[in-house]
file work.txt (compact mmCIF, C-alpha atoms (C1' of nucleotides))
# COMPACT_ATOMS: atom_id res chain seq x y z
CA MET A 2 -35.92 -12.65 105.67
CA ASN A 3 -37.38 -16.06 106.43
CA ILE A 4 -40.18 -17.62 104.43
CA GLY A 5 -42.65 -17.04 107.26
CA ASP A 6 -42.03 -13.30 107.24
CA VAL A 7 -42.40 -13.19 103.48
CA ALA A 8 -45.65 -15.13 103.78
CA ARG A 9 -47.00 -12.66 106.32
CA ARG A 10 -45.92 -9.61 104.34
CA SER A 11 -47.00 -10.86 100.91
CA GLY A 12 -50.17 -12.60 101.99
CA LEU A 13 -49.13 -15.80 100.18
CA PRO A 14 -48.95 -19.16 101.99
CA THR A 15 -45.47 -20.62 102.46
CA LYS A 16 -46.44 -23.58 100.32
CA THR A 17 -47.24 -21.26 97.46
CA ILE A 18 -43.97 -19.37 97.86
CA ARG A 19 -41.99 -22.62 97.69
CA TYR A 20 -44.03 -23.56 94.65
CA TYR A 21 -43.21 -20.24 92.99
CA GLU A 22 -39.56 -20.92 93.61
CA GLU A 23 -39.95 -24.38 92.09
CA ILE A 24 -41.42 -22.96 88.89
CA GLY A 25 -38.69 -20.34 88.68
CA PHE A 26 -40.31 -17.08 89.72
CA ILE A 27 -37.74 -16.48 92.44
CA ARG A 28 -34.37 -17.86 93.49
CA PRO A 29 -33.85 -16.92 97.12
CA LYS A 30 -30.39 -17.38 98.60
CA ARG A 31 -29.88 -19.98 101.28
CA LEU A 32 -28.45 -19.55 104.75
CA ASP A 33 -25.94 -22.04 106.13
CA ASN A 34 -28.73 -23.93 107.84
CA GLY A 35 -30.55 -24.41 104.54
CA TYR A 36 -33.26 -21.84 105.24
CA ARG A 37 -34.34 -19.62 102.37
CA ASP A 38 -33.25 -16.00 102.77
CA PHE A 39 -35.44 -13.54 100.88
CA ASP A 40 -34.62 -9.95 100.02
CA GLU A 41 -37.03 -7.08 99.46
CA ALA A 42 -36.96 -7.50 95.69
CA GLU A 43 -38.20 -11.04 96.02
CA LEU A 44 -40.91 -10.01 98.43
CA HIS A 45 -41.92 -7.36 95.93
CA LYS A 46 -42.04 -9.86 93.11
CA LEU A 47 -44.16 -12.27 95.11
CA ALA A 48 -46.60 -9.53 96.06
CA PHE A 49 -46.81 -8.58 92.38
CA ILE A 50 -47.63 -12.16 91.44
CA GLY A 51 -50.17 -12.42 94.23
CA ARG A 52 -52.00 -9.34 93.03
CA ALA A 53 -51.94 -10.43 89.42
CA ARG A 54 -53.25 -13.90 90.37
CA SER A 55 -56.07 -12.33 92.34
CA LEU A 56 -57.03 -10.41 89.22
CA GLY A 57 -57.41 -13.62 87.32
CA PHE A 58 -54.09 -13.75 85.50
CA SER A 59 -52.77 -17.28 85.10
CA VAL A 60 -49.36 -18.21 86.39
CA GLU A 61 -48.05 -18.14 82.83
CA ASP A 62 -49.58 -14.69 82.39
CA CYS A 63 -47.68 -13.67 85.49
CA ARG A 64 -44.44 -14.87 83.97
CA ILE A 65 -45.08 -12.63 80.98
CA LEU A 66 -46.14 -9.69 83.14
CA LEU A 67 -43.01 -10.02 85.25
CA GLU A 68 -40.84 -9.95 82.16
CA LEU A 69 -42.69 -6.88 80.95
CA TYR A 70 -42.33 -5.32 84.38
CA ASP A 71 -38.59 -5.85 84.29
CA ASP A 72 -38.27 -4.56 80.74
CA LYS A 73 -38.50 -0.84 81.32
CA SER A 74 -38.42 -0.06 77.61
CA ARG A 75 -41.38 -2.12 76.48
CA ALA A 76 -44.45 -0.32 75.13
CA SER A 77 -47.48 -0.09 77.39
CA ALA A 78 -49.53 -1.45 74.48
CA VAL A 79 -48.02 -4.87 75.00
CA VAL A 80 -49.07 -4.99 78.62
CA LYS A 81 -52.49 -3.65 77.79
CA LYS A 82 -53.00 -6.44 75.30
CA VAL A 83 -52.25 -9.14 77.86
CA ALA A 84 -54.61 -7.46 80.31
CA GLU A 85 -57.33 -7.17 77.70
CA GLN A 86 -57.09 -10.83 76.86
CA ASN A 87 -57.50 -11.63 80.52
CA LEU A 88 -60.50 -9.31 80.70
CA LYS A 89 -62.05 -11.13 77.76
CA ALA A 90 -61.52 -14.47 79.47
CA ILE A 91 -63.11 -13.13 82.64
CA ASP A 92 -66.10 -11.85 80.67
CA ALA A 93 -66.54 -15.23 79.03
CA LYS A 94 -66.53 -16.95 82.40
CA ILE A 95 -69.08 -14.50 83.76
CA ALA A 96 -71.32 -15.08 80.77
CA ASP A 97 -71.11 -18.85 81.21
CA LEU A 98 -71.96 -18.62 84.87
CA GLN A 99 -74.83 -16.26 84.23
CA ALA A 100 -76.32 -18.64 81.70
CA MET A 101 -76.10 -21.44 84.27
CA ARG A 102 -77.61 -19.16 86.85
CA VAL A 103 -80.62 -18.35 84.71
CA THR A 104 -81.44 -21.96 83.96
CA LEU A 105 -80.85 -23.16 87.48
CA SER A 106 -82.85 -20.42 89.16
CA HIS A 107 -85.78 -21.03 86.81
CA LEU A 108 -85.67 -24.66 87.83
CA ILE A 109 -85.49 -23.77 91.50
CA ASP A 110 -88.42 -21.38 91.17
CA LYS A 111 -90.54 -24.08 89.63
CA CYS A 112 -89.80 -26.57 92.39
CA ALA A 113 -92.24 -26.55 95.29
CA GLY A 114 -89.56 -27.61 97.70
CA ASP A 115 -91.89 -29.39 100.06
CA HIS A 116 -92.49 -32.92 101.28
CA ARG A 117 -93.88 -34.12 97.97
CA PRO A 118 -91.62 -36.10 95.68
CA ASP A 119 -92.38 -34.26 92.44
CA CYS A 120 -89.42 -32.12 91.54
CA PRO A 121 -89.07 -30.09 88.34
CA ILE A 122 -85.33 -29.87 88.88
CA LEU A 123 -84.73 -33.58 88.58
CA GLU A 124 -87.38 -33.91 85.91
CA ASN A 125 -85.55 -31.42 83.78
CA LEU A 126 -82.17 -32.99 84.37
CA GLY A 127 -83.68 -36.31 83.45
CA LYS A 128 -84.93 -35.12 80.09
CA ILE A 129 -82.93 -36.80 77.42
CA THR A 130 -81.79 -34.08 75.09
CA THR A 131 -79.81 -36.31 72.81
CA LYS A 132 -79.23 -35.73 69.20
CA ASP A 133 -80.36 -39.18 68.08
CA ALA A 134 -78.18 -40.05 65.15
CA MET B 30 -74.91 -49.94 72.31
CA ASN B 31 -71.20 -49.17 71.86
CA ILE B 32 -69.44 -46.38 73.68
CA GLY B 33 -69.22 -44.31 70.49
CA ASP B 34 -72.99 -44.33 70.05
CA VAL B 35 -73.48 -43.35 73.66
CA ALA B 36 -70.97 -40.56 73.20
CA ARG B 37 -72.83 -39.23 70.19
CA ARG B 38 -76.24 -39.49 71.84
CA SER B 39 -75.23 -38.10 75.22
CA GLY B 40 -72.85 -35.45 74.01
CA LEU B 41 -70.11 -36.70 76.34
CA PRO B 42 -66.65 -37.69 75.10
CA THR B 43 -65.80 -41.38 75.32
CA LYS B 44 -62.98 -40.55 77.72
CA THR B 45 -65.47 -38.97 80.07
CA ILE B 46 -67.82 -41.92 79.86
CA ARG B 47 -65.02 -44.34 80.76
CA TYR B 48 -64.12 -42.03 83.62
CA TYR B 49 -67.70 -42.03 84.87
CA GLU B 50 -67.60 -45.81 84.85
CA GLU B 51 -64.35 -45.72 86.82
CA ILE B 52 -65.87 -43.55 89.53
CA GLY B 53 -68.92 -45.76 89.73
CA PHE B 54 -71.71 -43.83 88.01
CA ILE B 55 -72.42 -46.67 85.62
CA ARG B 56 -71.54 -50.35 85.26
CA PRO B 57 -72.09 -51.28 81.63
CA LYS B 58 -72.08 -54.96 80.70
CA ARG B 59 -69.29 -56.29 78.53
CA LEU B 60 -69.55 -58.16 75.25
CA ASP B 61 -67.40 -61.23 74.58
CA ASN B 62 -64.89 -59.05 72.79
CA GLY B 63 -64.49 -56.85 75.86
CA TYR B 64 -66.44 -53.92 74.44
CA ARG B 65 -68.75 -52.08 76.81
CA ASP B 66 -72.43 -52.62 76.02
CA PHE B 67 -74.67 -49.79 77.21
CA ASP B 68 -78.43 -49.89 77.62
CA GLU B 69 -80.89 -47.00 77.41
CA ALA B 70 -80.95 -46.53 81.19
CA GLU B 71 -77.21 -45.94 81.22
CA LEU B 72 -77.44 -43.52 78.35
CA HIS B 73 -80.16 -41.70 80.24
CA LYS B 74 -78.05 -41.55 83.37
CA LEU B 75 -75.06 -40.19 81.47
CA ALA B 76 -77.19 -37.53 79.82
CA PHE B 77 -78.50 -36.56 83.25
CA ILE B 78 -74.98 -36.19 84.58
CA GLY B 79 -73.93 -34.21 81.54
CA ARG B 80 -76.77 -31.74 82.01
CA ALA B 81 -76.13 -31.39 85.72
CA ARG B 82 -72.40 -30.81 85.11
CA SER B 83 -73.16 -28.14 82.55
CA LEU B 84 -75.27 -26.40 85.19
CA GLY B 85 -72.28 -26.21 87.49
CA PHE B 86 -72.97 -29.18 89.75
CA SER B 87 -69.80 -30.95 90.85
CA VAL B 88 -69.36 -34.63 90.17
CA GLU B 89 -70.11 -35.33 93.83
CA ASP B 90 -73.26 -33.23 93.56
CA CYS B 91 -74.21 -35.40 90.62
CA ARG B 92 -73.81 -38.49 92.74
CA ILE B 93 -76.25 -37.03 95.25
CA LEU B 94 -78.67 -35.90 92.54
CA LEU B 95 -78.63 -39.34 90.96
CA GLU B 96 -79.49 -40.94 94.27
CA LEU B 97 -82.29 -38.46 94.74
CA TYR B 98 -83.46 -39.10 91.21
CA ASP B 99 -83.62 -42.82 91.88
CA ASP B 100 -85.38 -42.36 95.20
CA LYS B 101 -88.90 -41.62 94.02
CA SER B 102 -90.16 -41.01 97.54
CA ARG B 103 -87.75 -38.26 98.58
CA ALA B 104 -89.14 -34.79 99.18
CA SER B 105 -88.56 -32.16 96.53
CA ALA B 106 -87.24 -29.91 99.31
CA VAL B 107 -84.09 -32.00 99.53
CA VAL B 108 -83.32 -31.58 95.85
CA LYS B 109 -84.15 -27.91 95.98
CA LYS B 110 -81.64 -27.45 98.77
CA VAL B 111 -78.82 -29.02 96.79
CA ALA B 112 -79.73 -26.85 93.82
CA GLU B 113 -79.87 -23.73 95.96
CA GLN B 114 -76.44 -24.40 97.37
CA ASN B 115 -75.12 -24.72 93.87
CA LEU B 116 -76.82 -21.48 92.91
CA LYS B 117 -75.15 -19.76 95.84
CA ALA B 118 -71.76 -21.07 94.79
CA ILE B 119 -72.40 -19.82 91.25
CA ASP B 120 -73.39 -16.40 92.56
CA ALA B 121 -70.23 -16.22 94.65
CA LYS B 122 -68.09 -17.04 91.62
CA ILE B 123 -69.88 -14.40 89.55
CA ALA B 124 -69.33 -11.81 92.28
CA ASP B 125 -65.63 -12.66 92.47
CA LEU B 126 -65.22 -12.39 88.75
CA GLN B 127 -67.10 -9.12 88.61
CA ALA B 128 -64.87 -7.63 91.29
CA MET B 129 -61.84 -8.69 89.25
CA ARG B 130 -63.45 -7.27 86.16
CA VAL B 131 -64.00 -3.86 87.72
CA THR B 132 -60.44 -3.50 88.94
CA LEU B 133 -58.88 -4.81 85.77
CA SER B 134 -60.96 -2.70 83.43
CA HIS B 135 -60.16 0.43 85.43
CA LEU B 136 -56.52 -0.39 85.06
CA ILE B 137 -56.89 -1.01 81.35
CA ASP B 138 -58.74 2.28 80.88
CA LYS B 139 -55.95 4.17 82.57
CA CYS B 140 -53.27 2.62 80.37
CA ALA B 141 -52.46 4.58 77.23
CA GLY B 142 -51.58 1.39 75.39
CA ASP B 143 -49.09 3.03 73.09
CA HIS B 144 -45.37 2.89 72.36
CA ARG B 145 -44.44 4.58 75.63
CA PRO B 146 -43.21 2.43 78.49
CA ASP B 147 -45.31 3.96 81.27
CA CYS B 148 -48.04 1.54 82.18
CA PRO B 149 -50.52 1.99 85.03
CA ILE B 150 -51.35 -1.72 84.93
CA LEU B 151 -47.87 -2.83 85.89
CA GLU B 152 -47.44 0.10 88.23
CA ASN B 153 -50.49 -0.96 90.15
CA LEU B 154 -49.49 -4.61 90.25
CA GLY B 155 -46.09 -3.52 91.47
CA LYS B 156 -47.47 -1.61 94.44
CA ILE B 157 -46.57 -3.43 97.57
CA THR B 158 -49.72 -3.74 99.58
CA THR B 159 -48.21 -5.71 102.40
CA LYS B 160 -49.36 -5.67 105.95
CA ASP B 161 -45.94 -5.02 107.46
CA ALA B 162 -45.90 -6.85 110.74
C1' DA C 3 -32.54 -30.14 128.35
C1' DT C 4 -36.91 -29.61 126.80
C1' DG C 5 -40.67 -27.80 124.44
C1' DG C 6 -42.70 -25.48 120.73
C1' DG C 7 -42.52 -23.28 116.72
C1' DG C 8 -40.26 -22.71 112.23
C1' DC C 9 -37.77 -24.56 108.61
C1' DT C 10 -36.43 -28.34 105.16
C1' DT C 11 -37.56 -32.06 101.55
C1' DC C 12 -40.40 -35.29 99.34
C1' DC C 13 -44.52 -37.70 98.15
C1' DA C 14 -49.28 -37.82 97.31
C1' DG C 15 -53.68 -35.79 96.47
C1' DT C 16 -56.90 -32.43 94.57
C1' DC C 17 -60.69 -31.98 90.33
C1' DA C 18 -62.44 -33.73 86.28
C1' DC C 19 -60.91 -35.19 82.99
C1' DC C 20 -57.54 -35.35 78.25
C1' DG C 21 -53.79 -37.17 75.21
C1' DG C 22 -51.35 -40.74 73.48
C1' DA C 23 -49.27 -45.34 72.99
C1' DA C 24 -49.80 -50.17 72.18
C1' DG C 25 -52.69 -53.40 70.77
C1' DG C 26 -57.26 -56.20 69.81
C1' DT C 27 -61.79 -56.12 66.73
C1' DC C 28 -64.87 -55.48 63.07
C1' DA C 29 -66.92 -54.49 58.49
C1' DA C 30 -66.07 -53.33 53.78
C1' DG C 31 -63.49 -53.33 49.54
C1' DG C 32 -60.10 -55.29 46.25
C1' DC D 2 -57.63 -63.70 51.86
C1' DC D 3 -55.64 -59.40 52.91
C1' DT D 4 -55.68 -54.86 53.91
C1' DT D 5 -57.47 -50.60 55.38
C1' DG D 6 -59.50 -47.72 58.57
C1' DA D 7 -62.59 -46.91 62.14
C1' DC D 8 -63.67 -48.70 66.24
C1' DC D 9 -62.65 -50.49 70.80
C1' DT D 10 -59.52 -51.83 74.96
C1' DT D 11 -56.09 -50.73 78.89
C1' DC D 12 -52.56 -48.16 80.98
C1' DC D 13 -49.70 -44.26 81.94
C1' DG D 14 -48.90 -39.60 82.33
C1' DG D 15 -50.20 -34.80 82.33
C1' DT D 16 -53.08 -30.67 83.31
C1' DG D 17 -53.25 -26.02 86.93
C1' DA D 18 -52.00 -24.28 90.85
C1' DC D 19 -51.47 -25.48 94.49
C1' DT D 20 -52.38 -28.18 99.38
C1' DG D 21 -51.67 -31.69 103.05
C1' DG D 22 -48.91 -34.48 105.58
C1' DA D 23 -44.87 -37.08 107.16
C1' DA D 24 -40.19 -37.20 108.74
C1' DG D 25 -36.70 -34.78 110.29
C1' DC D 26 -33.51 -30.58 111.24
C1' DC D 27 -32.98 -25.91 113.61
C1' DC D 28 -33.45 -22.18 116.84
C1' DC D 29 -34.78 -19.83 120.94
C1' DA D 30 -36.70 -19.37 125.50
C1' DT D 31 -37.32 -21.37 129.80
call {"tool": "encode", "arguments": {"input": "work.txt", "output": "structure tokens"}}
result
Amino acid sequence: MNIGDVARRSGLPTKTIRYYEEIGFIRPKRLDNGYRDFDEAELHKLAFIGRARSLGFSVEDCRILLELYDDKSRASAVVKKVAEQNLKAIDAKIADLQAMRVTLSHLIDKCAGDHRPDCPILENLGKITTKDA
Amino acid sequence: MNIGDVARRSGLPTKTIRYYEEIGFIRPKRLDNGYRDFDEAELHKLAFIGRARSLGFSVEDCRILLELYDDKSRASAVVKKVAEQNLKAIDAKIADLQAMRVTLSHLIDKCAGDHRPDCPILENLGKITTKDA
DNA sequence: ATGGGGCTTCCAGTCACCGGAAGGTCAAGG
DNA sequence: CCTTGACCTTCCGGTGACTGGAAGCCCCAT
């Protein structure tokens, strides 16, 4: 299977697939002309990584998850722990963004948004909130 | 004012301040010994950038906001628009993360998380969801 | 044989910094 | 006067996870 077919079937760009080879996720054989030749197992692995990435797992998380996936005797608790850590990280990001959102939307609400130059948004950003030593 | 004082008063790391000089946000004078010498206006500007960054504005957004801040005759509508675009981007990120969160937490709930090897998390990641051409 | 797409490698760029090395400067203490 | 330690400087490289582009094969259909 050529890289283009794998890209279509996995949903990953060819650039990303080459990158995943570079960082050791896959080692496709080569044809005589130098083209990569993927088998179904590699396609499968790439699709796995793609799904995990879309759920917010880092590439290094994926490396761990792949190892766990291959190790059929590992306890599910181990996998669950990795997933829970990821969930925590996602929750923290959501909380950060929501805090931003609150402040920013307050600012936007207070701004008339007309032809006049007075703007509470800039005024607030301009406030020096230093901790004078 | 030395860079260390500015760092303490603005809350930005010295590395970041030097970086902001490099990309043209500020142009502090230099003392004979080569040290940067900041004035209050520069401190103010850095604090402004720091606050905007913490609200999710990109560095390029900050460049625009600074220009708008300096242009006392611009309409507040212009600023509001930039802020609203940022708010939209924040909302999109929150939505993405929440979608991830839902899927991942379902998966985690379904996983026993014990000594047994069966794990719905990995099983789901392993599902090939390709669009076979 | 020619054209167009697909494949290869390699280099550089993204974004917003951060870490560290090598070295100059300054104020205080012995 | 010397040392110590906290500053400051520049420069180089790295981060994460790709992405873009150039230069150049390769393959197939016309």
call {"tool": "atom_distance", "arguments": {"input": "work.txt", "atom1": "CA of Glu96 in chain B", "atom2": "CA of Cys120 in chain A"}}
result
13.6 Å
call {"tool": "calpha_fit_rmsd", "arguments": {"input": "work.txt", "fixed": "chain B", "moving": "chain A"}}
result
0.1 Å
call {"tool": "residues_around", "arguments": {"input": "work.txt", "residues": "DA24 in chain C", "least_positions_apart": "5", "cutoff": "12 Å", "atoms": "all atoms listed in the file", "output": "number ranges by chain"}}
result
D: 10-13
call {"tool": "residues_near_point", "arguments": {"input": "work.txt", "point": "(-34.3, -10.6, 102.8)", "cutoff": "12 Å", "atoms": "only C-alpha atoms (C1' of nucleotides)", "output": "ChimeraX atom specification"}}
result
/A:2-7,10,28-32,36-45
call {"tool": "write_last_selection", "arguments": {"input": "work.txt", "atoms": "C-alpha atoms", "output": "PDB file, in the coordinates of the input"}}
result
ATOM      1  CA  MET A   2     -35.920 -12.650 105.670  1.00  0.00           C
ATOM      2  CA  ASN A   3     -37.380 -16.060 106.430  1.00  0.00           C
ATOM      3  CA  ILE A   4     -40.180 -17.620 104.430  1.00  0.00           C
ATOM      4  CA  GLY A   5     -42.650 -17.040 107.260  1.00  0.00           C
ATOM      5  CA  ASP A   6     -42.030 -13.300 107.240  1.00  0.00           C
ATOM      6  CA  VAL A   7     -42.400 -13.190 103.480  1.00  0.00           C
ATOM      7  CA  ARG A  10     -45.920  -9.610 104.340  1.00  0.00           C
ATOM      8  CA  ARG A  28     -34.370 -17.860  93.490  1.00  0.00           C
ATOM      9  CA  PRO A  29     -33.850 -16.920  97.120  1.00  0.00           C
ATOM     10  CA  LYS A  30     -30.390 -17.380  98.600  1.00  0.00           C
ATOM     11  CA  ARG A  31     -29.880 -19.980 101.280  1.00  0.00           C
ATOM     12  CA  LEU A  32     -28.450 -19.550 104.750  1.00  0.00           C
ATOM     13  CA  TYR A  36     -33.260 -21.840 105.240  1.00  0.00           C
ATOM     14  CA  ARG A  37     -34.340 -19.620 102.370  1.00  0.00           C
ATOM     15  CA  ASP A  38     -33.250 -16.000 102.770  1.00  0.00           C
ATOM     16  CA  PHE A  39     -35.440 -13.540 100.880  1.00  0.00           C
ATOM     17  CA  ASP A  40     -34.620  -9.950 100.020  1.00  0.00           C
ATOM     18  CA  GLU A  41     -37.030  -7.080  99.460  1.00  0.00           C
ATOM     19  CA  ALA A  42     -36.960  -7.500  95.690  1.00  0.00           C
ATOM     20  CA  GLU A  43     -38.200 -11.040  96.020  1.00  0.00           C
ATOM     21  CA  LEU A  44     -40.910 -10.010  98.430  1.00  0.00           C
ATOM     22  CA  HIS A  45     -41.920  -7.360  95.930  1.00  0.00           C
TER      23      HIS A  45
END
call {"tool": "interface_residues", "arguments": {"input": "work.txt", "of": "chain A", "to": "chain B", "cutoff": "6 Å", "atoms": "only C-alpha atoms", "output": "MDAnalysis selection string"}}
result
chainID A and resid 10:11 49 56 74:78 81 95 101 114:120 126:127 131:133
call {"tool": "closest_atom_pairs", "arguments": {"input": "work.txt", "of": "chain D", "to": "chain A", "cutoff": "12 Å", "atoms": "only C-alpha atoms (C1' of nucleotides)", "output": "CSV"}}
result
residue,atom,partner,partner_atom,distance
D:DG17,C1',A:Val60,CA,8.7
D:DA18,C1',A:Val60,CA,8.0
D:DC19,C1',A:Thr17,CA,6.7
D:DT20,C1',A:Lys16,CA,7.6
D:DG21,C1',A:Lys16,CA,10.0
D:DC26,C1',A:Asn34,CA,8.9
D:DC27,C1',A:Asn34,CA,7.4
D:DC28,C1',A:Asn34,CA,10.3
call {"tool": "closest_residue", "arguments": {"input": "work.txt", "among": "A:Gln86, A:Arg54, A:Arg19, A:Cys63", "to": "chain C", "atoms": "all atoms listed in the file"}}
result
A:Arg19
call {"tool": "interface_residues", "arguments": {"input": "work.txt", "of": "chain C", "to": "chain B", "cutoff": "9 Å", "atoms": "only C-alpha atoms (C1' of nucleotides)", "output": "list in words"}}
result
DA18, DC19, DC20, DG26 and DT27 of chain C
call {"tool": "residues_around", "arguments": {"input": "work.txt", "residues": "DC13 in chain C", "least_positions_apart": "4", "cutoff": "12 Å", "atoms": "only C-alpha atoms (C1' of nucleotides)", "output": "JSON, numbers by chain"}}
result
{"D": [21, 22, 23, 24]}
call {"tool": "residues_around", "arguments": {"input": "work.txt", "residues": "DT4 in chain C", "least_positions_apart": "5", "cutoff": "12 Å", "atoms": "only C-alpha atoms (C1' of nucleotides)", "output": "PyMOL selection string"}}
result
chain D and resi 29-31
call {"tool": "closest_residue", "arguments": {"input": "work.txt", "among": "B:Ala121, B:Val111, B:Leu41, B:Ile46", "to": "Arg92 in chain B", "atoms": "only C-alpha atoms"}}
result
B:Val111
call {"tool": "atom_distance", "arguments": {"input": "work.txt", "atom1": "C1' of DG25 in chain D", "atom2": "C1' of DT10 in chain C"}}
result
8.2 Å
call {"tool": "atom_distance", "arguments": {"input": "work.txt", "atom1": "CA of Glu61 in chain A", "atom2": "C1' of DT16 in chain D"}}
result
13.5 Å
call {"tool": "build_atoms", "arguments": {"input": "work.txt", "residues": "range 5-21 of chain A", "atoms": "N, CA and C atoms", "output": "compact mmCIF listing (two decimals), in the coordinates of the input"}}
result
# COMPACT_ATOMS: atom_id res chain seq x y z
N GLY A 5 -41.47 -17.40 106.47
CA GLY A 5 -42.65 -17.04 107.26
C GLY A 5 -42.93 -15.54 107.22
N ASP A 6 -41.87 -14.75 107.31
CA ASP A 6 -42.03 -13.30 107.24
C ASP A 6 -42.55 -12.89 105.87
N VAL A 7 -41.97 -13.51 104.84
CA VAL A 7 -42.40 -13.19 103.48
C VAL A 7 -43.87 -13.56 103.31
N ALA A 8 -44.25 -14.69 103.87
CA ALA A 8 -45.65 -15.13 103.78
C ALA A 8 -46.56 -14.08 104.42
N ARG A 9 -46.17 -13.65 105.63
CA ARG A 9 -47.00 -12.66 106.32
C ARG A 9 -47.08 -11.36 105.53
N ARG A 10 -45.93 -10.91 105.03
CA ARG A 10 -45.92 -9.61 104.34
C ARG A 10 -46.50 -9.65 102.94
N SER A 11 -46.46 -10.79 102.28
CA SER A 11 -47.00 -10.86 100.91
C SER A 11 -48.43 -11.36 100.89
N GLY A 12 -48.83 -12.03 101.97
CA GLY A 12 -50.17 -12.60 101.99
C GLY A 12 -50.26 -13.96 101.31
N LEU A 13 -49.12 -14.47 100.83
CA LEU A 13 -49.13 -15.80 100.18
C LEU A 13 -48.75 -16.87 101.20
N PRO A 14 -49.35 -18.05 101.12
CA PRO A 14 -48.95 -19.16 101.99
C PRO A 14 -47.52 -19.61 101.67
N THR A 15 -46.84 -20.15 102.68
CA THR A 15 -45.47 -20.62 102.46
C THR A 15 -45.41 -21.68 101.36
N LYS A 16 -46.40 -22.54 101.34
CA LYS A 16 -46.44 -23.58 100.32
C LYS A 16 -46.41 -22.97 98.92
N THR A 17 -47.16 -21.92 98.76
CA THR A 17 -47.24 -21.26 97.46
C THR A 17 -45.91 -20.60 97.10
N ILE A 18 -45.26 -20.02 98.11
CA ILE A 18 -43.97 -19.37 97.86
C ILE A 18 -42.94 -20.41 97.42
N ARG A 19 -42.92 -21.56 98.10
CA ARG A 19 -41.99 -22.62 97.69
C ARG A 19 -42.31 -23.09 96.27
N TYR A 20 -43.61 -23.16 96.00
CA TYR A 20 -44.03 -23.56 94.65
C TYR A 20 -43.56 -22.54 93.61
N TYR A 21 -43.66 -21.28 93.92
CA TYR A 21 -43.21 -20.24 92.99
C TYR A 21 -41.71 -20.29 92.79
